[in-house]
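J.: What follows is entry_34.tsv, made up of TSV, C-alpha atoms:
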chain	number	residue	atom	x	y	z
B	768	LYS	CA	0.52	35.27	28.00
B	769	ALA	CA	1.19	31.70	27.00
B	770	PHE	CA	-0.61	29.27	29.27
B	771	SER	CA	1.29	26.14	28.37
B	772	TYR	CA	2.04	23.52	31.01
B	773	PRO	CA	4.13	20.82	29.35
B	774	ALA	CA	5.82	19.70	32.57
B	775	SER	CA	2.90	19.99	34.98
B	776	GLN	CA	2.29	17.05	37.27
B	777	LEU	CA	-1.27	16.35	38.38
B	778	PRO	CA	-1.57	16.11	42.17
B	779	ILE	CA	-2.65	12.62	43.16
B	780	SER	CA	-5.66	12.26	45.44
B	781	PHE	CA	-5.62	8.46	45.65
B	782	GLU	CA	-4.36	6.71	48.78
B	783	LYS	CA	-2.57	4.00	46.77
B	784	ASP	CA	-0.34	4.35	43.72
B	785	VAL	CA	-2.23	4.15	40.44
B	786	GLU	CA	-0.98	4.24	36.88
B	787	LEU	CA	-2.18	7.22	34.87
B	788	ALA	CA	-2.29	7.94	31.14
B	789	ASN	CA	0.78	9.52	29.55
B	790	SER	CA	-0.63	12.91	28.70
B	791	VAL	CA	-3.63	15.18	29.16
B	792	ALA	CA	-4.36	18.19	26.93
B	793	MET	CA	-6.99	20.63	28.21
B	794	LEU	CA	-8.53	23.49	26.26
B	795	ASP	CA	-11.77	25.40	26.80
B	796	GLY	CA	-14.45	22.71	26.91
B	797	ILE	CA	-12.17	20.14	25.24
B	798	LEU	CA	-10.05	17.50	26.93
B	799	PHE	CA	-7.80	14.89	25.32
B	800	ILE	CA	-6.31	11.96	27.24
B	801	PHE	CA	-3.48	10.11	25.51
B	802	GLU	CA	-2.02	6.71	26.40
B	803	LEU	CA	1.01	5.78	24.29
B	804	CYS	CA	2.41	2.25	23.84
B	805	GLU	CA	5.30	0.96	21.76
B	806	ARG	CA	6.36	-2.59	20.97
B	807	GLU	CA	10.12	-2.96	21.20
B	808	GLN	CA	11.78	-3.32	17.81
B	809	LYS	CA	13.96	-6.23	18.98
B	810	VAL	CA	11.09	-8.35	20.28
B	811	ALA	CA	10.55	-11.31	17.98
B	812	SER	CA	6.85	-11.85	17.35
B	813	LYS	CA	5.57	-15.39	17.11
B	814	ALA	CA	2.17	-16.04	15.61
B	815	GLY	CA	-0.42	-14.39	17.82
B	816	ASP	CA	2.09	-12.55	20.06
B	817	LEU	CA	1.28	-9.15	18.58
B	818	GLU	CA	-2.45	-9.65	19.04
B	819	LYS	CA	-1.89	-10.76	22.66
B	820	TRP	CA	0.31	-7.75	23.34
B	821	ILE	CA	-2.28	-5.37	21.88
B	822	SER	CA	-5.28	-6.93	23.64
B	823	GLY	CA	-3.48	-7.30	26.98
B	824	HIS	CA	-0.85	-4.63	27.39
B	825	VAL	CA	-2.17	-1.96	25.02
B	826	VAL	CA	-5.95	-2.17	25.34
B	827	ARG	CA	-6.61	-3.66	28.79
B	828	LYS	CA	-3.89	-1.75	30.66
B	829	GLY	CA	-4.35	1.38	28.55
B	830	VAL	CA	-8.08	1.59	29.25
B	831	LYS	CA	-7.40	1.14	32.96
B	832	ARG	CA	-4.85	4.00	32.96
B	833	ILE	CA	-7.27	6.25	31.09
B	834	GLN	CA	-10.07	5.39	33.53
B	835	ASN	CA	-7.75	6.16	36.47
B	836	THR	CA	-6.93	9.51	34.86
B	837	ARG	CA	-10.62	10.31	34.33
B	838	ASP	CA	-11.35	9.39	37.94
B	839	LEU	CA	-8.51	11.63	39.14
B	840	LEU	CA	-9.66	14.59	37.02
B	841	GLY	CA	-13.22	14.11	38.23
B	842	ALA	CA	-12.03	14.24	41.86
B	843	TYR	CA	-10.75	17.83	41.53
B	844	ALA	CA	-13.04	20.69	42.54
B	845	GLY	CA	-10.56	23.00	40.82
B	846	LEU	CA	-6.93	22.70	39.86
B	847	SER	CA	-4.38	25.53	40.09
B	848	LEU	CA	-1.41	25.17	37.74
B	849	VAL	CA	1.72	27.32	37.31
B	850	ASN	CA	3.82	27.08	34.16
B	851	HIS	CA	7.53	27.80	33.71
B	852	PHE	CA	6.74	31.50	32.98
B	853	GLY	CA	5.19	31.81	36.43
B	854	HIS	CA	1.66	32.21	35.02
B	855	ARG	CA	-1.04	30.65	37.17
B	856	VAL	CA	-4.44	29.50	35.97
B	857	THR	CA	-7.22	27.70	37.80
B	858	VAL	CA	-8.82	24.96	35.77
B	859	SER	CA	-12.34	23.79	36.55
B	860	LEU	CA	-12.45	20.12	35.64
B	861	ARG	CA	-16.17	19.55	35.33
B	862	GLU	CA	-17.18	17.04	32.67
B	863	PRO	CA	-16.16	18.87	29.48
B	864	ASP	CA	-18.39	19.22	26.43
B	865	ALA	CA	-15.92	17.25	24.36
B	866	PHE	CA	-13.93	14.50	26.07
B	867	VAL	CA	-11.68	12.36	23.84
B	868	SER	CA	-9.70	9.40	25.21
B	869	MET	CA	-7.31	7.49	22.98
B	870	ILE	CA	-4.65	4.82	23.05
B	871	ILE	CA	-2.02	5.17	20.34
B	872	TYR	CA	0.31	2.23	19.81
B	873	ARG	CA	3.34	1.58	17.63
B	874	VAL	CA	4.53	-1.79	16.39
B	875	PRO	CA	7.65	-2.54	14.30
B	876	GLU	CA	7.13	-1.47	10.69
B	877	LYS	CA	7.69	-4.96	9.28
B	878	SER	CA	5.12	-6.59	11.54
B	879	ARG	CA	2.89	-9.06	9.75
B	880	ALA	CA	-0.70	-8.01	9.14
B	881	PHE	CA	-3.00	-8.35	12.12
B	882	ARG	CA	-6.44	-7.17	13.20
B	883	ALA	CA	-6.64	-5.22	16.43
B	884	ALA	CA	-9.48	-3.68	18.40
B	885	ARG	CA	-10.31	-0.13	17.28
B	886	PHE	CA	-12.06	0.94	20.45
B	887	LYS	CA	-12.92	-0.17	23.94
B	888	ARG	CA	-15.51	0.91	26.45
B	889	GLY	CA	-14.32	1.65	29.98
B	890	ARG	CA	-15.96	0.23	33.10
B	891	ASN	CA	-18.23	3.27	33.41
B	892	GLY	CA	-19.13	3.37	29.72
B	893	GLY	CA	-16.43	5.82	28.61
B	894	PHE	CA	-15.36	5.32	25.00
B	895	VAL	CA	-11.64	4.87	24.26
B	896	HIS	CA	-10.29	5.09	20.70
B	897	VAL	CA	-7.54	2.57	19.91
B	898	LEU	CA	-5.28	3.63	17.03
B	899	ARG	CA	-2.08	2.52	15.40
B	900	ASP	CA	0.38	5.43	15.21
B	901	ALA	CA	0.23	5.59	11.39
B	902	ASP	CA	-3.56	6.00	11.53
B	903	TYR	CA	-3.29	8.75	14.14
B	904	PHE	CA	-0.74	10.63	12.00
B	905	GLU	CA	-3.09	10.37	9.01
B	906	ILE	CA	-5.95	11.78	11.10
B	907	CYS	CA	-3.74	14.71	12.15
B	908	HIS	CA	-2.79	15.24	8.50
B	909	HIS	CA	-6.43	16.04	7.72
B	910	PHE	CA	-7.71	17.60	10.94
B	911	ILE	CA	-5.51	20.28	12.47
B	912	THR	CA	-7.43	22.17	15.14
B	913	PRO	CA	-8.71	20.65	18.38
B	914	ALA	CA	-12.31	21.34	17.30
B	915	GLU	CA	-11.75	19.44	14.02
B	916	LEU	CA	-10.23	16.52	15.90
B	917	VAL	CA	-13.16	16.41	18.33
B	918	GLY	CA	-15.59	16.41	15.40
B	919	TYR	CA	-13.81	13.53	13.67
B	920	PHE	CA	-13.43	11.46	16.84
B	921	SER	CA	-17.14	11.93	17.63
B	922	PHE	CA	-17.97	10.65	14.15
B	923	ARG	CA	-15.49	7.78	14.54
B	924	ARG	CA	-17.06	6.77	17.87
B	925	ASP	CA	-20.58	6.75	16.42
B	926	ILE	CA	-19.64	4.87	13.26
B	927	LEU	CA	-17.66	2.21	15.13
B	928	LEU	CA	-20.44	1.65	17.66
B	929	ASN	CA	-23.26	1.50	15.13
B	930	TRP	CA	-21.88	0.29	11.82
B	931	ASP	CA	-18.40	-1.17	11.76
B	932	PRO	CA	-18.14	-4.74	13.13
B	933	PRO	CA	-14.54	-5.95	13.58
B	934	SER	CA	-15.05	-8.75	11.06
B	935	THR	CA	-15.61	-6.30	8.19
B	936	ALA	CA	-13.77	-3.25	9.48
B	937	VAL	CA	-12.67	-0.74	6.85
B	938	SER	CA	-9.42	1.24	6.96
B	939	GLU	CA	-8.98	4.47	8.88
B	940	SER	CA	-8.58	6.20	5.49
B	941	ALA	CA	-12.10	5.10	4.54
B	942	LEU	CA	-13.52	6.54	7.77
B	943	ILE	CA	-11.64	9.81	7.18
B	944	GLY	CA	-12.95	9.98	3.61
B	945	GLN	CA	-16.51	9.33	4.74
B	946	TYR	CA	-16.25	12.12	7.31
B	947	LEU	CA	-14.77	14.53	4.76
B	948	LEU	CA	-17.71	13.78	2.43
B	949	GLU	CA	-20.08	14.45	5.36
B	950	ASP	CA	-21.79	11.12	4.79
B	951	TYR	CA	-22.85	10.33	8.35
B	952	SER	CA	-25.66	7.89	7.58
B	953	SER	CA	-24.05	5.33	5.22
B	954	PRO	CA	-22.30	2.23	6.49
B	955	PRO	CA	-18.49	2.34	6.20
B	956	ASP	CA	-17.20	1.38	2.78
B	957	PRO	CA	-13.69	1.09	1.27
B	958	ARG	CA	-14.81	3.33	-1.63
B	959	PHE	CA	-14.58	6.34	0.71
B	960	GLU	CA	-10.78	5.98	0.80
B	961	ARG	CA	-10.47	8.05	-2.38
B	962	ALA	CA	-11.80	11.12	-0.61
B	963	ALA	CA	-9.05	10.84	2.01
B	964	LEU	CA	-6.38	10.95	-0.71
B	965	SER	CA	-7.39	14.49	-1.67
B	966	ARG	CA	-6.54	17.54	0.40
Please, can you express the file's structure as structure tokens?

T.:
Amino acid sequence: KAFSYPASQLPISFEKDVELANSVAMLDGILFIFELCEREQKVASKAGDLEKWISGHVVRKGVKRIQNTRDLLGAYAGLSLVNHFGHRVTVSLREPDAFVSMIIYRVPEKSRAFRAARFKRGRNGGFVHVLRDADYFEICHHFITPAELVGYFSFRRDILLNWDPPSTAVSESALIGQYLLEDYSSPPDPRFERAALSR
């Protein structure tokens, strides 16, 4: 039986309306929370507008929606879902072994170069990955299975927290290359980009 629930709505346990993340993907011991944001193509960007939009709308609001979603999932003792085939499954939403939260944003292709935050910590210490859509697609080009994605995002979290200050941040390709080479102890370096070019 296929236990796929693309149209499931999570029952809300909050007394007031809260904004939740766009999508949640649950597998055995693995949980992904996705928040998606897109800058309208027609919006003219003055100097600094894109950075303000990303820091305010994308990161600040996105982290809040992800935190609301985590709080909601943590409030369930168990969740019973039925898909469009009529299959029912009860999901126990204890803190999973692998919990990946991410904000993926899209800006117009011809946007001028800018530097955006690559992660944010939530109010309770939860780590949220912040990715441009092109970087997320490149990650998915290299890592296909949920377990591979969890492994890469764990590495990405550790390297960004310990090694990669925003002032000298390397490209996502360099981080992918470093992970593919299994070099977990070196600081990030643009030279690792070559490894990401190979399959």

J.: What separation in Å, quoted to one decimal, exists between CA of His908 in chain B and CA of Val867 in chain B?

T.: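 Atom-to-atom, CA of His908 in chain B and CA of Val867 in chain B are spaced 18.0 Å apart.
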
J.: Please report, as a Markdown table, each residue of range 915-964 of chain B lying at most 12 Å from range 893-900 of chain B, together with the nearest pair of atoms and the separation in Å rounded to one decimal; use all atoms listed in the file, and order rows by chain and ascending residue number.

T.:
| residue | atom | partner | partner_atom | distance |
| --- | --- | --- | --- | --- |
| B:Val917 | CA | B:His896 | CA | 11.9 |
| B:Tyr919 | CA | B:His896 | CA | 11.5 |
| B:Phe920 | CA | B:His896 | CA | 8.1 |
| B:Ser921 | CA | B:Phe894 | CA | 10.1 |
| B:Phe922 | CA | B:His896 | CA | 11.5 |
| B:Arg923 | CA | B:His896 | CA | 8.5 |
| B:Arg924 | CA | B:Phe894 | CA | 7.5 |
| B:Asp925 | CA | B:Phe894 | CA | 10.1 |
| B:Ile926 | CA | B:His896 | CA | 12.0 |
| B:Leu927 | CA | B:His896 | CA | 9.7 |
| B:Leu928 | CA | B:Phe894 | CA | 9.7 |
| B:Ser938 | CA | B:Leu898 | CA | 11.1 |
| B:Glu939 | CA | B:Leu898 | CA | 9.0 |

J.: Do you have the CA of Val826 in chain B-CA of Pro957 in chain B distance handy?

T.: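 Separation between CA of Val826 in chain B and CA of Pro957 in chain B: 25.5 Å.
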
J.: Go through B:Val858, B:Leu948, B:Asn929, B:Asp784 and flag the residue nearest Leu846 in chain B, using only C-alpha atoms for the distances.

T.: B:Val858

J.: So that I can check the surroundings of Leu798 in chain B, please list as a list in words every protein, DNA and RNA residue that reaches within 8 Å of it, counting all atoms listed in the file and ignoring chain neighbours fewer than 2 positions away.

T.: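 Once the adjacent positions are removed, what remains is Val791, Ala792, Met793, Leu794, Gly796, Ile800, Pro863, Ala865, Phe866 and Val867 of chain B.
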
J.: Excluding Arg961 in chain B and residues on its chain fewer than 4 positions from it, collect all residues at most 10 Å away from it, counting all atoms listed in the file, and give them as a PDB file with C-alpha atoms, in the frame of the given file.

T.:
ATOM      1  CA  SER B 940      -8.580   6.200   5.490  1.00  0.00           C
ATOM      2  CA  ALA B 941     -12.100   5.100   4.540  1.00  0.00           C
ATOM      3  CA  ILE B 943     -11.640   9.810   7.180  1.00  0.00           C
ATOM      4  CA  GLY B 944     -12.950   9.980   3.610  1.00  0.00           C
ATOM      5  CA  GLN B 945     -16.510   9.330   4.740  1.00  0.00           C
ATOM      6  CA  PRO B 957     -13.690   1.090   1.270  1.00  0.00           C
ATOM      7  CA  SER B 965      -7.390  14.490  -1.670  1.00  0.00           C
TER       8      SER B 965
END

J.: For Arg827 in chain B, list every protein, DNA or RNA residue within 12 Å, evaluated using all atoms listed in the file, and leave out those in the same chain fewer than 4 positions away; present the list as a VMD selection string.

T.: chain B and resid 802 804 819 to 823 831 to 834 870 884 886 to 890 895 897

J.: Closest to Gly829 in chain B among B:Tyr872, B:Phe881, B:Ala914, B:Arg855, using all atoms listed in the file?

T.: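 Under the stated criterion, the closest residue is B:Tyr872.
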
J.: Counting only C-alpha atoms, which residue out of B:Ala842, B:Ala788, B:Cys907, B:Leu964 sits closest to Val825 in chain B?

T.: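 Nearest candidate to Val825 in chain B out of B:Ala842, B:Ala788, B:Cys907, B:Leu964: B:Ala788.
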
J.: Report the distance between CA of Glu876 in chain B and CA of Arg806 in chain B in Å, rounded to one decimal place.

T.: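 CA of Glu876 in chain B sits 10.4 Å away from CA of Arg806 in chain B.
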
J.: Any chance you could build range 865-880 of chain B out to N, CA and C atoms and write it as a JSON list (two decimals), in the frame of the given file?

T.:
[["chain", "number", "residue", "atom", "x", "y", "z"],
["B", 865, "ALA", "N", -16.56, 18.21, 25.26],
["B", 865, "ALA", "CA", -15.92, 17.25, 24.36],
["B", 865, "ALA", "C", -14.78, 16.57, 25.12],
["B", 866, "PHE", "N", -14.88, 15.27, 25.27],
["B", 866, "PHE", "CA", -13.93, 14.50, 26.07],
["B", 866, "PHE", "C", -13.45, 13.36, 25.19],
["B", 867, "VAL", "N", -12.19, 13.37, 24.76],
["B", 867, "VAL", "CA", -11.68, 12.36, 23.84],
["B", 867, "VAL", "C", -10.55, 11.58, 24.52],
["B", 868, "SER", "N", -10.73, 10.27, 24.64],
["B", 868, "SER", "CA", -9.70, 9.40, 25.21],
["B", 868, "SER", "C", -9.18, 8.49, 24.11],
["B", 869, "MET", "N", -7.85, 8.35, 24.03],
["B", 869, "MET", "CA", -7.31, 7.49, 22.98],
["B", 869, "MET", "C", -6.04, 6.78, 23.41],
["B", 870, "ILE", "N", -5.88, 5.59, 22.90],
["B", 870, "ILE", "CA", -4.65, 4.82, 23.05],
["B", 870, "ILE", "C", -4.00, 4.77, 21.67],
["B", 871, "ILE", "N", -2.76, 5.20, 21.60],
["B", 871, "ILE", "CA", -2.02, 5.17, 20.34],
["B", 871, "ILE", "C", -0.85, 4.21, 20.53],
["B", 872, "TYR", "N", -0.76, 3.22, 19.66],
["B", 872, "TYR", "CA", 0.31, 2.23, 19.81],
["B", 872, "TYR", "C", 1.16, 2.15, 18.54],
["B", 873, "ARG", "N", 2.41, 1.74, 18.75],
["B", 873, "ARG", "CA", 3.34, 1.58, 17.63],
["B", 873, "ARG", "C", 3.91, 0.16, 17.69],
["B", 874, "VAL", "N", 3.91, -0.47, 16.53],
["B", 874, "VAL", "CA", 4.53, -1.79, 16.39],
["B", 874, "VAL", "C", 5.63, -1.67, 15.34],
["B", 875, "PRO", "N", 6.60, -2.60, 15.33],
["B", 875, "PRO", "CA", 7.65, -2.54, 14.30],
["B", 875, "PRO", "C", 7.04, -2.48, 12.91],
["B", 876, "GLU", "N", 7.68, -1.70, 12.03],
["B", 876, "GLU", "CA", 7.13, -1.47, 10.69],
["B", 876, "GLU", "C", 6.90, -2.75, 9.91],
["B", 877, "LYS", "N", 7.78, -3.73, 10.08],
["B", 877, "LYS", "CA", 7.69, -4.96, 9.28],
["B", 877, "LYS", "C", 6.86, -6.04, 9.96],
["B", 878, "SER", "N", 6.01, -5.61, 10.90],
["B", 878, "SER", "CA", 5.12, -6.59, 11.54],
["B", 878, "SER", "C", 4.16, -7.16, 10.52],
["B", 879, "ARG", "N", 3.85, -8.46, 10.68],
["B", 879, "ARG", "CA", 2.89, -9.06, 9.75],
["B", 879, "ARG", "C", 1.51, -8.46, 10.01],
["B", 880, "ALA", "N", 0.65, -8.58, 9.03],
["B", 880, "ALA", "CA", -0.70, -8.01, 9.14],
["B", 880, "ALA", "C", -1.45, -8.64, 10.31]]
